[in-house]
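**Q** Below is data.csv; it holds CSV, C-alpha atoms and all ligand atoms.
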```csv
chain,number,residue,atom,x,y,z
A,55,MET,CA,-20.4,-32.9,-8.4
A,56,ARG,CA,-20.0,-30.5,-5.5
A,57,VAL,CA,-17.7,-27.5,-5.9
A,58,LEU,CA,-16.6,-25.9,-2.6
A,59,LEU,CA,-15.1,-22.4,-2.9
A,60,ALA,CA,-12.4,-21.5,-0.4
A,61,GLN,CA,-13.0,-18.3,1.6
A,62,PRO,CA,-10.9,-16.2,1.4
A,63,ARG,CA,-9.4,-16.7,-2.1
A,64,GLY,CA,-7.9,-14.6,-4.8
A,65,PHE,CA,-6.9,-11.0,-4.8
A,66,CYS,CA,-5.3,-9.6,-1.6
A,67,ALA,CA,-5.1,-5.9,-0.7
A,68,GLY,CA,-1.5,-5.5,-2.0
A,69,VAL,CA,-2.5,-6.9,-5.4
A,70,VAL,CA,-5.6,-4.7,-5.7
A,71,ARG,CA,-3.5,-1.7,-4.9
A,72,ALA,CA,-0.7,-2.6,-7.4
A,73,ILE,CA,-3.2,-3.1,-10.3
A,74,GLU,CA,-4.9,0.1,-9.4
A,75,ILE,CA,-1.6,2.0,-9.5
A,76,VAL,CA,-1.0,0.8,-13.1
A,77,GLU,CA,-4.6,1.6,-14.2
A,78,ARG,CA,-4.7,5.0,-12.6
A,79,SER,CA,-1.2,5.9,-13.9
A,80,ILE,CA,-2.3,5.1,-17.5
A,81,GLU,CA,-5.5,7.2,-16.9
A,82,ARG,CA,-3.6,10.1,-15.4
A,83,PHE,CA,-0.3,10.2,-17.3
A,84,GLY,CA,-1.3,8.4,-20.6
A,85,ALA,CA,0.0,5.3,-22.2
A,86,PRO,CA,2.6,3.9,-22.2
A,87,VAL,CA,3.7,3.4,-18.6
A,88,TYR,CA,6.6,1.1,-17.9
A,89,VAL,CA,6.3,-1.6,-15.2
A,90,ARG,CA,9.4,-3.2,-13.9
A,91,HIS,CA,8.7,-7.0,-13.6
A,92,GLU,CA,5.2,-8.4,-13.8
A,93,ILE,CA,3.1,-6.1,-11.6
A,94,VAL,CA,1.8,-9.3,-9.9
A,95,HIS,CA,2.6,-12.9,-11.0
A,96,ASN,CA,-0.5,-13.5,-13.1
A,97,ARG,CA,-0.4,-13.7,-16.9
A,98,HIS,CA,-4.0,-12.7,-17.3
A,99,VAL,CA,-3.6,-9.6,-15.2
A,100,VAL,CA,-0.4,-8.7,-17.1
A,101,GLU,CA,-2.0,-9.2,-20.5
A,102,THR,CA,-5.0,-7.1,-19.5
A,103,LEU,CA,-2.8,-4.2,-18.4
A,104,ARG,CA,-0.7,-4.5,-21.5
A,105,ASP,CA,-3.8,-4.1,-23.6
A,106,LYS,CA,-4.5,-0.9,-21.7
A,107,GLY,CA,-1.1,0.6,-22.3
A,108,ALA,CA,1.4,-0.9,-19.8
A,109,VAL,CA,4.8,-2.1,-21.0
A,110,PHE,CA,6.4,-4.7,-18.9
A,111,VAL,CA,10.3,-4.8,-18.6
A,112,GLU,CA,12.7,-6.7,-16.4
A,113,GLU,CA,15.4,-3.9,-16.2
A,114,LEU,CA,15.2,-0.2,-15.8
A,115,SER,CA,17.7,0.1,-18.8
A,116,GLU,CA,14.7,-0.9,-21.0
A,117,VAL,CA,12.7,2.2,-19.8
A,118,PRO,CA,13.1,5.3,-22.0
A,119,ASP,CA,14.2,8.6,-20.4
A,120,GLY,CA,11.3,10.4,-18.7
A,121,ALA,CA,8.8,7.6,-18.9
A,122,VAL,CA,6.5,6.9,-16.0
A,123,THR,CA,8.0,3.8,-14.2
A,124,ILE,CA,6.2,1.5,-11.7
A,125,PHE,CA,7.9,-1.0,-9.4
A,126,SER,CA,6.0,-4.3,-9.0
A,127,ALA,CA,4.2,-5.4,-5.8
A,128,HIS,CA,7.1,-7.7,-5.0
A,129,GLY,CA,9.4,-4.7,-4.2
A,130,VAL,CA,12.9,-3.8,-5.5
A,131,ALA,CA,16.4,-3.5,-4.3
A,132,GLN,CA,17.8,-0.1,-3.2
A,133,SER,CA,20.1,-0.1,-6.3
A,134,VAL,CA,17.0,-0.1,-8.5
A,135,VAL,CA,15.5,2.9,-6.6
A,136,ASP,CA,18.9,4.7,-6.9
A,137,GLN,CA,19.2,3.9,-10.6
A,138,ALA,CA,15.7,5.3,-11.2
A,139,ALA,CA,16.5,8.4,-9.1
A,140,SER,CA,19.8,9.0,-10.9
A,141,ARG,CA,17.9,9.0,-14.3
A,142,GLY,CA,15.2,11.3,-12.9
A,143,LEU,CA,12.5,8.7,-13.8
A,144,PRO,CA,9.1,9.5,-12.4
A,145,VAL,CA,8.4,6.5,-10.2
A,146,LEU,CA,5.3,5.1,-8.7
A,147,ASP,CA,6.1,2.4,-6.2
A,148,ALA,CA,3.5,-0.5,-6.1
A,149,THR,CA,5.6,-2.5,-3.6
A,150,CYS,CA,3.0,-4.0,-1.2
A,151,PRO,CA,3.1,-2.1,2.2
A,152,LEU,CA,3.6,-5.5,3.9
A,153,VAL,CA,6.7,-6.2,1.8
A,154,ALA,CA,8.0,-2.7,2.6
A,155,LYS,CA,7.4,-3.4,6.3
A,156,VAL,CA,9.7,-6.5,6.0
A,157,HIS,CA,12.4,-4.2,4.4
A,158,MET,CA,12.1,-1.8,7.3
A,159,GLN,CA,12.3,-4.6,9.9
A,160,GLY,CA,15.4,-6.0,8.2
A,161,LYS,CA,17.1,-2.6,8.2
A,162,ARG,CA,16.3,-2.1,11.8
A,163,TYR,CA,17.9,-5.4,12.9
A,164,VAL,CA,21.0,-4.6,10.9
A,165,ALA,CA,21.2,-1.1,12.4
A,166,ARG,CA,21.1,-2.8,15.9
A,167,GLY,CA,24.2,-4.8,14.9
A,168,ARG,CA,22.5,-8.1,14.1
A,169,THR,CA,23.5,-10.4,11.2
A,170,LEU,CA,20.4,-10.9,9.1
A,171,ILE,CA,18.9,-14.2,8.0
A,172,LEU,CA,16.2,-14.1,5.4
A,173,VAL,CA,13.9,-17.1,5.1
A,174,GLY,CA,12.8,-17.3,1.5
A,175,HIS,CA,13.2,-18.7,-2.0
A,176,ALA,CA,16.4,-17.9,-3.9
A,177,GLY,CA,15.8,-15.9,-7.1
A,178,HIS,CA,12.2,-14.8,-6.2
A,179,PRO,CA,11.9,-11.0,-6.9
A,180,GLU,CA,10.7,-10.3,-3.4
A,181,VAL,CA,13.7,-12.0,-1.9
A,182,GLU,CA,16.0,-10.1,-4.3
A,183,GLY,CA,14.3,-6.9,-3.3
A,184,THR,CA,14.6,-7.6,0.4
A,185,ILE,CA,18.3,-8.6,0.2
A,186,GLY,CA,19.0,-5.5,-1.9
A,187,GLN,CA,17.1,-3.2,0.6
A,188,VAL,CA,18.9,-4.2,3.7
A,189,GLY,CA,22.3,-2.8,2.8
A,190,ALA,CA,24.3,-5.5,4.6
A,191,PRO,CA,25.1,-9.2,3.9
A,192,VAL,CA,22.0,-11.3,4.2
A,193,HIS,CA,22.1,-15.1,4.7
A,194,LEU,CA,19.3,-16.8,2.7
A,195,VAL,CA,17.7,-20.0,4.0
A,196,SER,CA,14.8,-21.9,2.5
A,197,SER,CA,14.9,-25.2,4.5
A,198,VAL,CA,15.8,-26.6,7.9
A,199,GLU,CA,18.9,-28.2,6.2
A,200,ASP,CA,20.0,-24.7,5.1
A,201,VAL,CA,19.9,-23.6,8.7
A,202,ALA,CA,22.4,-26.4,9.6
A,203,ARG,CA,24.7,-25.2,6.8
A,204,LEU,CA,24.8,-21.5,7.9
A,205,ASP,CA,28.4,-20.4,8.3
A,206,LEU,CA,27.8,-18.4,11.5
A,207,PRO,CA,29.1,-18.9,15.0
A,208,ALA,CA,26.5,-20.1,17.5
A,209,ASP,CA,26.9,-17.0,19.7
A,210,ALA,CA,26.4,-14.6,16.8
A,211,PRO,CA,23.7,-11.9,17.4
A,212,VAL,CA,21.3,-12.8,14.6
A,213,ALA,CA,17.8,-11.9,13.5
A,214,TYR,CA,15.6,-13.2,10.8
A,215,VAL,CA,12.8,-11.8,8.5
A,216,THR,CA,10.8,-13.9,6.0
A,217,GLN,CA,9.3,-13.7,2.5
A,218,THR,CA,5.6,-12.8,2.9
A,219,THR,CA,4.2,-15.7,0.9
A,220,LEU,CA,5.8,-18.8,2.5
A,221,SER,CA,4.2,-21.9,3.9
A,222,VAL,CA,3.3,-21.1,7.5
A,223,ASP,CA,4.1,-24.7,8.6
A,224,ASP,CA,7.5,-25.0,6.8
A,225,THR,CA,8.5,-21.6,8.2
A,226,ARG,CA,7.6,-22.6,11.7
A,227,SER,CA,10.0,-25.5,11.4
A,228,ILE,CA,12.8,-23.3,10.0
A,229,ILE,CA,12.3,-20.8,12.8
A,230,ALA,CA,12.5,-23.6,15.3
A,231,ALA,CA,15.8,-24.7,13.8
A,232,LEU,CA,17.1,-21.2,14.0
A,233,GLU,CA,16.1,-21.0,17.6
A,234,ALA,CA,17.9,-24.2,18.4
A,235,ARG,CA,21.1,-23.0,16.7
A,236,PHE,CA,21.2,-19.4,17.8
A,237,PRO,CA,20.5,-18.5,21.4
A,238,ASP,CA,20.8,-14.7,20.6
A,239,LEU,CA,18.0,-14.6,17.9
A,240,GLU,CA,15.4,-12.0,17.3
A,241,GLY,CA,12.6,-12.2,14.8
A,242,PRO,CA,8.9,-11.8,14.2
A,243,ASP,CA,7.8,-15.5,14.5
A,244,VAL,CA,5.8,-16.2,11.3
A,245,SER,CA,4.1,-12.8,11.3
A,246,ASP,CA,6.1,-11.6,8.2
A,247,ILE,CA,4.0,-14.1,6.3
A,248,CYS,CA,1.2,-11.7,5.4
A,249,TYR,CA,-2.4,-11.9,6.5
A,250,ALA,CA,-3.6,-12.9,3.0
A,251,THR,CA,-1.1,-15.8,2.7
A,252,GLN,CA,-2.0,-17.0,6.2
A,253,HIS,CA,-5.8,-16.8,5.5
A,254,ARG,CA,-5.6,-18.5,2.1
A,255,GLN,CA,-3.5,-21.3,3.6
A,256,ALA,CA,-5.9,-21.8,6.5
A,257,ALA,CA,-8.9,-21.9,4.2
A,258,VAL,CA,-7.3,-24.6,2.0
A,259,ARG,CA,-6.5,-26.7,5.1
A,260,ASP,CA,-10.2,-26.5,6.0
A,261,LEU,CA,-11.2,-27.3,2.4
A,262,CYS,CA,-9.0,-30.4,2.3
A,263,ALA,CA,-11.1,-32.1,4.9
A,264,GLU,CA,-14.1,-31.9,2.6
A,265,VAL,CA,-12.9,-32.6,-0.9
A,266,ASP,CA,-11.3,-35.2,-3.1
A,267,LEU,CA,-9.6,-32.9,-5.6
A,268,LEU,CA,-8.1,-29.4,-5.1
A,269,LEU,CA,-7.8,-26.9,-7.9
A,270,VAL,CA,-5.7,-23.8,-7.3
A,271,VAL,CA,-6.1,-21.0,-9.8
A,272,GLY,CA,-2.9,-19.1,-10.3
A,273,SER,CA,0.2,-18.7,-12.5
A,274,ARG,CA,3.2,-21.1,-12.3
A,275,ASN,CA,5.5,-18.3,-11.1
A,276,SER,CA,3.3,-17.3,-8.2
A,277,SER,CA,4.9,-18.3,-4.9
A,278,ASN,CA,1.7,-18.0,-2.8
A,279,SER,CA,-0.3,-20.0,-5.3
A,280,ASN,CA,2.2,-22.9,-5.3
A,281,ARG,CA,2.1,-23.0,-1.5
A,282,LEU,CA,-1.7,-23.5,-1.7
A,283,ARG,CA,-1.3,-26.5,-4.0
A,284,GLU,CA,1.4,-28.0,-1.7
A,285,ILE,CA,-1.0,-27.8,1.3
A,286,GLY,CA,-3.5,-29.9,-0.7
A,287,LEU,CA,-0.8,-32.5,-1.5
A,288,GLU,CA,0.3,-32.6,2.1
A,289,HIS,CA,-3.2,-33.4,3.1
A,290,GLY,CA,-3.3,-36.3,0.6
A,291,VAL,CA,-5.6,-34.5,-1.8
A,292,PRO,CA,-4.7,-34.6,-5.5
A,293,SER,CA,-4.0,-31.0,-6.3
A,294,HIS,CA,-3.3,-29.0,-9.4
A,295,LEU,CA,-2.3,-25.4,-10.1
A,296,ILE,CA,-4.1,-24.1,-13.2
A,297,ALA,CA,-4.0,-20.8,-15.0
A,298,ASN,CA,-7.6,-21.0,-16.3
A,299,GLY,CA,-10.4,-23.3,-17.4
A,300,ARG,CA,-8.5,-24.4,-20.5
A,301,GLU,CA,-5.9,-26.1,-18.3
A,302,LEU,CA,-8.5,-28.4,-16.6
A,303,ASP,CA,-7.8,-32.0,-17.5
A,304,PRO,CA,-11.1,-34.0,-17.4
A,305,ALA,CA,-9.2,-37.1,-16.4
A,306,TRP,CA,-8.7,-35.5,-12.9
A,307,LEU,CA,-12.5,-35.6,-12.4
A,308,GLU,CA,-12.7,-39.4,-12.6
A,309,GLY,CA,-14.5,-40.7,-9.4
A,310,VAL,CA,-14.4,-37.2,-7.9
A,311,LYS,CA,-17.6,-36.2,-5.9
A,312,SER,CA,-16.3,-33.0,-4.4
A,313,VAL,CA,-13.8,-30.4,-5.8
A,314,GLY,CA,-12.2,-27.7,-3.7
A,315,LEU,CA,-11.5,-24.5,-5.6
A,316,THR,CA,-9.2,-21.6,-4.5
A,317,ALA,CA,-7.1,-18.9,-6.1
A,318,GLY,CA,-3.8,-17.4,-5.3
A,319,ALA,CA,-3.5,-13.7,-4.2
A,320,SER,CA,-2.7,-12.6,-7.7
A,321,ALA,CA,-5.5,-14.5,-9.5
A,322,PRO,CA,-8.7,-12.6,-10.5
A,323,GLU,CA,-12.1,-14.1,-9.6
A,324,GLU,CA,-12.8,-14.0,-13.4
A,325,LEU,CA,-10.4,-17.0,-13.7
A,326,VAL,CA,-12.2,-18.9,-10.9
A,327,LEU,CA,-15.5,-18.4,-12.8
A,328,ASP,CA,-13.7,-19.6,-15.9
A,329,VAL,CA,-12.7,-22.8,-14.1
A,330,ILE,CA,-16.2,-23.3,-12.8
A,331,ALA,CA,-17.5,-23.0,-16.4
A,332,ALA,CA,-14.9,-25.5,-17.6
A,333,LEU,CA,-16.0,-28.0,-14.8
A,334,ARG,CA,-19.6,-27.5,-15.9
A,335,ARG,CA,-18.8,-28.7,-19.4
A,336,HIS,CA,-18.0,-32.1,-17.9
A,337,ARG,CA,-20.4,-32.4,-14.9
A,338,ASP,CA,-23.6,-31.1,-13.4
A,339,LEU,CA,-22.4,-28.8,-10.5
A,340,GLN,CA,-23.5,-27.6,-7.2
A,341,VAL,CA,-21.3,-24.7,-6.2
A,342,ALA,CA,-21.1,-23.4,-2.7
A,343,PRO,CA,-18.7,-21.2,-0.7
A,344,MET,CA,-17.1,-22.5,2.5
A,345,ALA,CA,-17.5,-20.5,5.6
A,346,GLY,CA,-14.3,-18.5,6.3
A,347,ILE,CA,-12.7,-15.2,7.3
A,348,LYS,CA,-14.0,-12.1,5.6
A,349,GLU,CA,-11.1,-9.8,4.8
A,350,THR,CA,-11.4,-6.0,5.1
A,351,VAL,CA,-7.8,-4.9,4.6
A,352,GLU,CA,-7.3,-2.0,2.2
A,353,PHE,CA,-4.1,-0.1,1.3
A,354,ARG,CA,-4.1,3.6,0.3
A,355,LEU,CA,-2.8,4.5,-3.1
A,356,PRO,CA,0.3,6.7,-3.4
A,357,PRO,CA,-0.7,10.4,-2.9
A,358,GLU,CA,-0.2,11.4,-6.5
A,359,LEU,CA,-2.8,8.8,-7.6
A,360,ARG,CA,-5.5,9.5,-5.1
A,361,SER,CA,-8.6,11.1,-6.5
A,362,PRO,CA,-8.9,14.8,-5.4
A,363,ALA,CA,-11.8,13.7,-3.2
A,364,ALA,CA,-9.8,10.9,-1.6
A,365,ALA,CA,-6.8,13.2,-1.1
A,366,THR,CA,-9.0,15.8,0.7
A,367,ALA,CA,-10.6,13.1,2.8
A,368,ALA,CA,-7.1,11.8,3.7
A,369,ALA,CA,-5.8,15.3,4.7
A,370,PRO,CA,-5.4,15.9,8.4
A,371,ALA,CA,-8.1,18.0,10.1
A,372,GLU,CA,-7.0,21.6,10.7
B,1,LIG,O1,5.1,-15.0,-6.2
B,1,LIG,P1,4.3,-14.3,-5.2
B,1,LIG,O2,3.3,-15.1,-4.5
B,1,LIG,O3,5.2,-13.6,-4.2
B,1,LIG,O4,3.5,-13.1,-5.9
B,1,LIG,P2,2.1,-13.0,-6.6
B,1,LIG,O5,2.3,-11.8,-7.5
B,1,LIG,O6,1.6,-14.2,-7.2
B,1,LIG,O7,1.1,-12.6,-5.4
B,1,LIG,C1,1.2,-11.3,-4.8
B,1,LIG,C2,2.2,-11.4,-3.7
B,1,LIG,C3,3.2,-10.5,-3.6
B,1,LIG,C4,3.3,-9.2,-4.4
B,1,LIG,C5,4.3,-10.7,-2.7
B,1,LIG,F1,4.0,-10.2,-1.5
B,2,LIG,FE1,1.0,-7.9,0.2
B,2,LIG,FE2,0.5,-10.3,1.2
B,2,LIG,FE3,-0.7,-9.6,-1.1
B,2,LIG,FE4,2.0,-10.0,-1.0
B,2,LIG,S1,0.4,-11.5,-0.7
B,2,LIG,S2,0.9,-8.4,-2.0
B,2,LIG,S3,2.5,-9.3,1.1
B,2,LIG,S4,-1.0,-8.6,1.0
```
Rewrite the coordinates I just gave you, this time as structure tokens.
**A**
Amino acid sequence: MRVLLAQPRGFCAGVVRAIEIVERSIERFGAPVYVRHEIVHNRHVVETLRDKGAVFVEELSEVPDGAVTIFSAHGVAQSVVDQAASRGLPVLDATCPLVAKVHMQGKRYVARGRTLILVGHAGHPEVEGTIGQVGAPVHLVSSVEDVARLDLPADAPVAYVTQTTLSVDDTRSIIAALEARFPDLEGPDVSDICYATQHRQAAVRDLCAEVDLLLVVGSRNSSNSNRLREIGLEHGVPSHLIANGRELDPAWLEGVKSVGLTAGASAPEELVLDVIAALRRHRDLQVAPMAGIKETVEFRLPPELRSPAAATAAAPAE
């Protein structure tokens, strides 16, 4: 059986930075450090960091006074930032810079007098963070039907921003519906959907032309990973989201000659290798990477966690 590996797949720059913030905080300040929400939506990552001394909580009220506190890559509402400040908690913010950029954009539109529409999924922490950062009422839509239901006059000056991990295709349709309803509309097209999400979705689309089964490595609560599986299904390829090799069901392999394998932005390569090992227990394999985009994006750590050498290198020349 042939296994084709999507390129790119797995960790994005925001996830690498967020994990490094937790690891370096433990090294620098000692365990335990408290992380508000799963640092990224991957059980294996969370458990590995827990073993190193991270404590994961959902609310700041669970963080003891004075404890090092880390905000997850998905971002937080301003009320959470304020609560941490009022308690004097030492905070390291692992919000992905591309999520923070969406917060800034939203605030800018509101400051210019526009009513803000957020395209995203209700209840997702990134969506809750973005709504809570904007400091004005936000209208959340997650489908074309939601756009039709918006209780806003057609001539309202409106603007939209989007969650970073949406389906590019679905979001294009929603933006088209917004354009059709609101002549005075501003927004970034689909560019709030981050580079990593766009690249992983494009790679899966290419993969689907070549395979008769798609396996996406990622946790159930990972938005971007779920979107990858949906692309497989939309292309008529049986597709499964699995956390690791143990979740592989050998019945899926019946009659399959070629398997496509990818991983969400929060899933470590270690788990991809674990799935390959599980496949190997059932079939002889030929594993090959697909051609694809090579990513070079890197985000800097917060200044207090940069190594002395890196901090010196980053300092402006005199
Ligand atoms: O659920 P999700 O796709 O937003 O998050 P996950 O932690 O799986 O992947 C990283 C993406 C982030 C932090 C949102 F930008
Ligand atoms: Fe940042 Fe995109 Fe990764 Fe989210 S998926 S952490 S927005 S790079």
**Q** Which residues are near Asp223 of chain A? Cut-off 12 Å, all atoms listed in the file, ignore same chain within fewer than 3 positions. Put them as an MDAnalysis selection string.
**A** chainID A and resid 197:198 219:220 226:230 243:244 247 251:252 255:256 259 281:282 284:285 288
**Q** Selected residues, C-alpha atoms, written as a compact mmCIF listing (two decimals), in the coordinates of the input, please.
**A**
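Wrote it out as result38.txt, contents follow:
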```txt
# COMPACT_ATOMS: atom_id res chain seq x y z
CA SER A 197 14.90 -25.20 4.50
CA VAL A 198 15.80 -26.60 7.90
CA THR A 219 4.20 -15.70 0.90
CA LEU A 220 5.80 -18.80 2.50
CA ARG A 226 7.60 -22.60 11.70
CA SER A 227 10.00 -25.50 11.40
CA ILE A 228 12.80 -23.30 10.00
CA ILE A 229 12.30 -20.80 12.80
CA ALA A 230 12.50 -23.60 15.30
CA ASP A 243 7.80 -15.50 14.50
CA VAL A 244 5.80 -16.20 11.30
CA ILE A 247 4.00 -14.10 6.30
CA THR A 251 -1.10 -15.80 2.70
CA GLN A 252 -2.00 -17.00 6.20
CA GLN A 255 -3.50 -21.30 3.60
CA ALA A 256 -5.90 -21.80 6.50
CA ARG A 259 -6.50 -26.70 5.10
CA ARG A 281 2.10 -23.00 -1.50
CA LEU A 282 -1.70 -23.50 -1.70
CA GLU A 284 1.40 -28.00 -1.70
CA ILE A 285 -1.00 -27.80 1.30
CA GLU A 288 0.30 -32.60 2.10
```
**Q** At a cut-off of 9 Å around ligand LIG 2 (chain B), and using only C-alpha atoms and all ligand atoms, what residues come up? Please write them as a PyMOL selection string.
**A** chain A and resi 65-72+94+127-128+149-154+217-219+246-252+278+318-320+351
**Q** Within 12 Å of Phe125 of chain A, counting all atoms listed in the file, which residues show up once you throw out same-chain ones fewer than 6 positions away? Write them as a VMD selection string, please.
**A** chain A and resid 72 to 73 75 to 76 87 to 94 110 to 114 117 131 to 132 134 to 135 138 143 to 150 179 to 180 183
**Q** Could you check which of A:Pro62, A:Gly286, A:Gly160, A:Pro322 is closest to ligand LIG 1 (chain B), using all atoms listed in the file?
**A**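 Checking each of A:Pro62, A:Gly286, A:Gly160, A:Pro322 against ligand LIG 1 (chain B), counting all atoms listed in the file, the winner is A:Pro322.
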**Q** List as a PDB file with C-alpha atoms, in the frame of the given file the protein and nucleic acid residues near Tyr163 of chain A, meaning an atom at most 12 Å away when all atoms listed in the file are counted, but skip any in the same chain fewer than 5 places from it.
**A**
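Contents of the output file out-v6.pdb:
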```
ATOM      1  CA  VAL A 156       9.700  -6.500   6.000  1.00  0.00           C
ATOM      2  CA  HIS A 157      12.400  -4.200   4.400  1.00  0.00           C
ATOM      3  CA  MET A 158      12.100  -1.800   7.300  1.00  0.00           C
ATOM      4  CA  ARG A 168      22.500  -8.100  14.100  1.00  0.00           C
ATOM      5  CA  THR A 169      23.500 -10.400  11.200  1.00  0.00           C
ATOM      6  CA  LEU A 170      20.400 -10.900   9.100  1.00  0.00           C
ATOM      7  CA  ILE A 171      18.900 -14.200   8.000  1.00  0.00           C
ATOM      8  CA  LEU A 172      16.200 -14.100   5.400  1.00  0.00           C
ATOM      9  CA  VAL A 188      18.900  -4.200   3.700  1.00  0.00           C
ATOM     10  CA  GLY A 189      22.300  -2.800   2.800  1.00  0.00           C
ATOM     11  CA  ALA A 190      24.300  -5.500   4.600  1.00  0.00           C
ATOM     12  CA  VAL A 192      22.000 -11.300   4.200  1.00  0.00           C
ATOM     13  CA  PRO A 211      23.700 -11.900  17.400  1.00  0.00           C
ATOM     14  CA  VAL A 212      21.300 -12.800  14.600  1.00  0.00           C
ATOM     15  CA  ALA A 213      17.800 -11.900  13.500  1.00  0.00           C
ATOM     16  CA  TYR A 214      15.600 -13.200  10.800  1.00  0.00           C
ATOM     17  CA  VAL A 215      12.800 -11.800   8.500  1.00  0.00           C
ATOM     18  CA  LEU A 239      18.000 -14.600  17.900  1.00  0.00           C
ATOM     19  CA  GLU A 240      15.400 -12.000  17.300  1.00  0.00           C
ATOM     20  CA  GLY A 241      12.600 -12.200  14.800  1.00  0.00           C
ATOM     21  CA  PRO A 242       8.900 -11.800  14.200  1.00  0.00           C
TER      22      PRO A 242
END
```
**Q** Near segment 339-349 of chain A, counting only C-alpha atoms, which residues have an atom at most 10 Å away, once you skip same-chain residues fewer than 2 positions from it, shown as number ranges by chain?
**A** A: 55-63, 66-67, 249-250, 253-254, 256-257, 260-261, 264, 311-315, 330-331, 333-337, 351-352
**Q** How far is it from atom CA of Glu182 of chain A to atom CA of Ile124 of chain A, in Å with one decimal?
**A** 16.9 Å
**Q** Using all atoms listed in the file, which residue out of A:Ser276, A:Gly64, A:Phe83, A:Val326 lies closest to ligand LIG 1 (chain B)?
**A** A:Ser276
**Q** Give the answer as one residue: which of A:Arg104, A:His95, A:Arg300, A:Arg203 has the shortest atom-to-atom distance to Ala231 of chain A, using only C-alpha atoms?
**A**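 When distances to Ala231 of chain A are compared using only C-alpha atoms, the smallest one comes from A:Arg203.
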**Q** What is the distance, in Å and to one decimal place, between atom CA of Leu194 of chain A and atom CA of Ser279 of chain A?
**A**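 Computed distance, atom CA of Leu194 of chain A to atom CA of Ser279 of chain A, equals 21.4 Å.
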**Q** Under the rule that only C-alpha atoms and all ligand atoms are counted, which of A:Val109, A:Ala321, A:Val291, A:Leu269 is the nearest residue to ligand LIG 1 (chain B)?
**A** A:Ala321
**Q** Between A:Ala263, A:Ala234, A:Ile185, A:Ala139, which one has atoms that come closest to Val201 of chain A, using all atoms listed in the file?
**A** A:Ala234
**Q** Suppose you want the space between atom CA of Thr216 of chain A and atom CA of Asn280 of chain A; what is it in Å?
**A**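 Those two atoms sit 16.8 Å apart.
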**Q** Which of these, A:Trp306, A:Val271, A:Lys161, A:Leu359, has the shortest distance to ligand LIG 1 (chain B) once you count all atoms listed in the file?
**A**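 Looking at the shortest contact to ligand LIG 1 (chain B), the residue is A:Val271.
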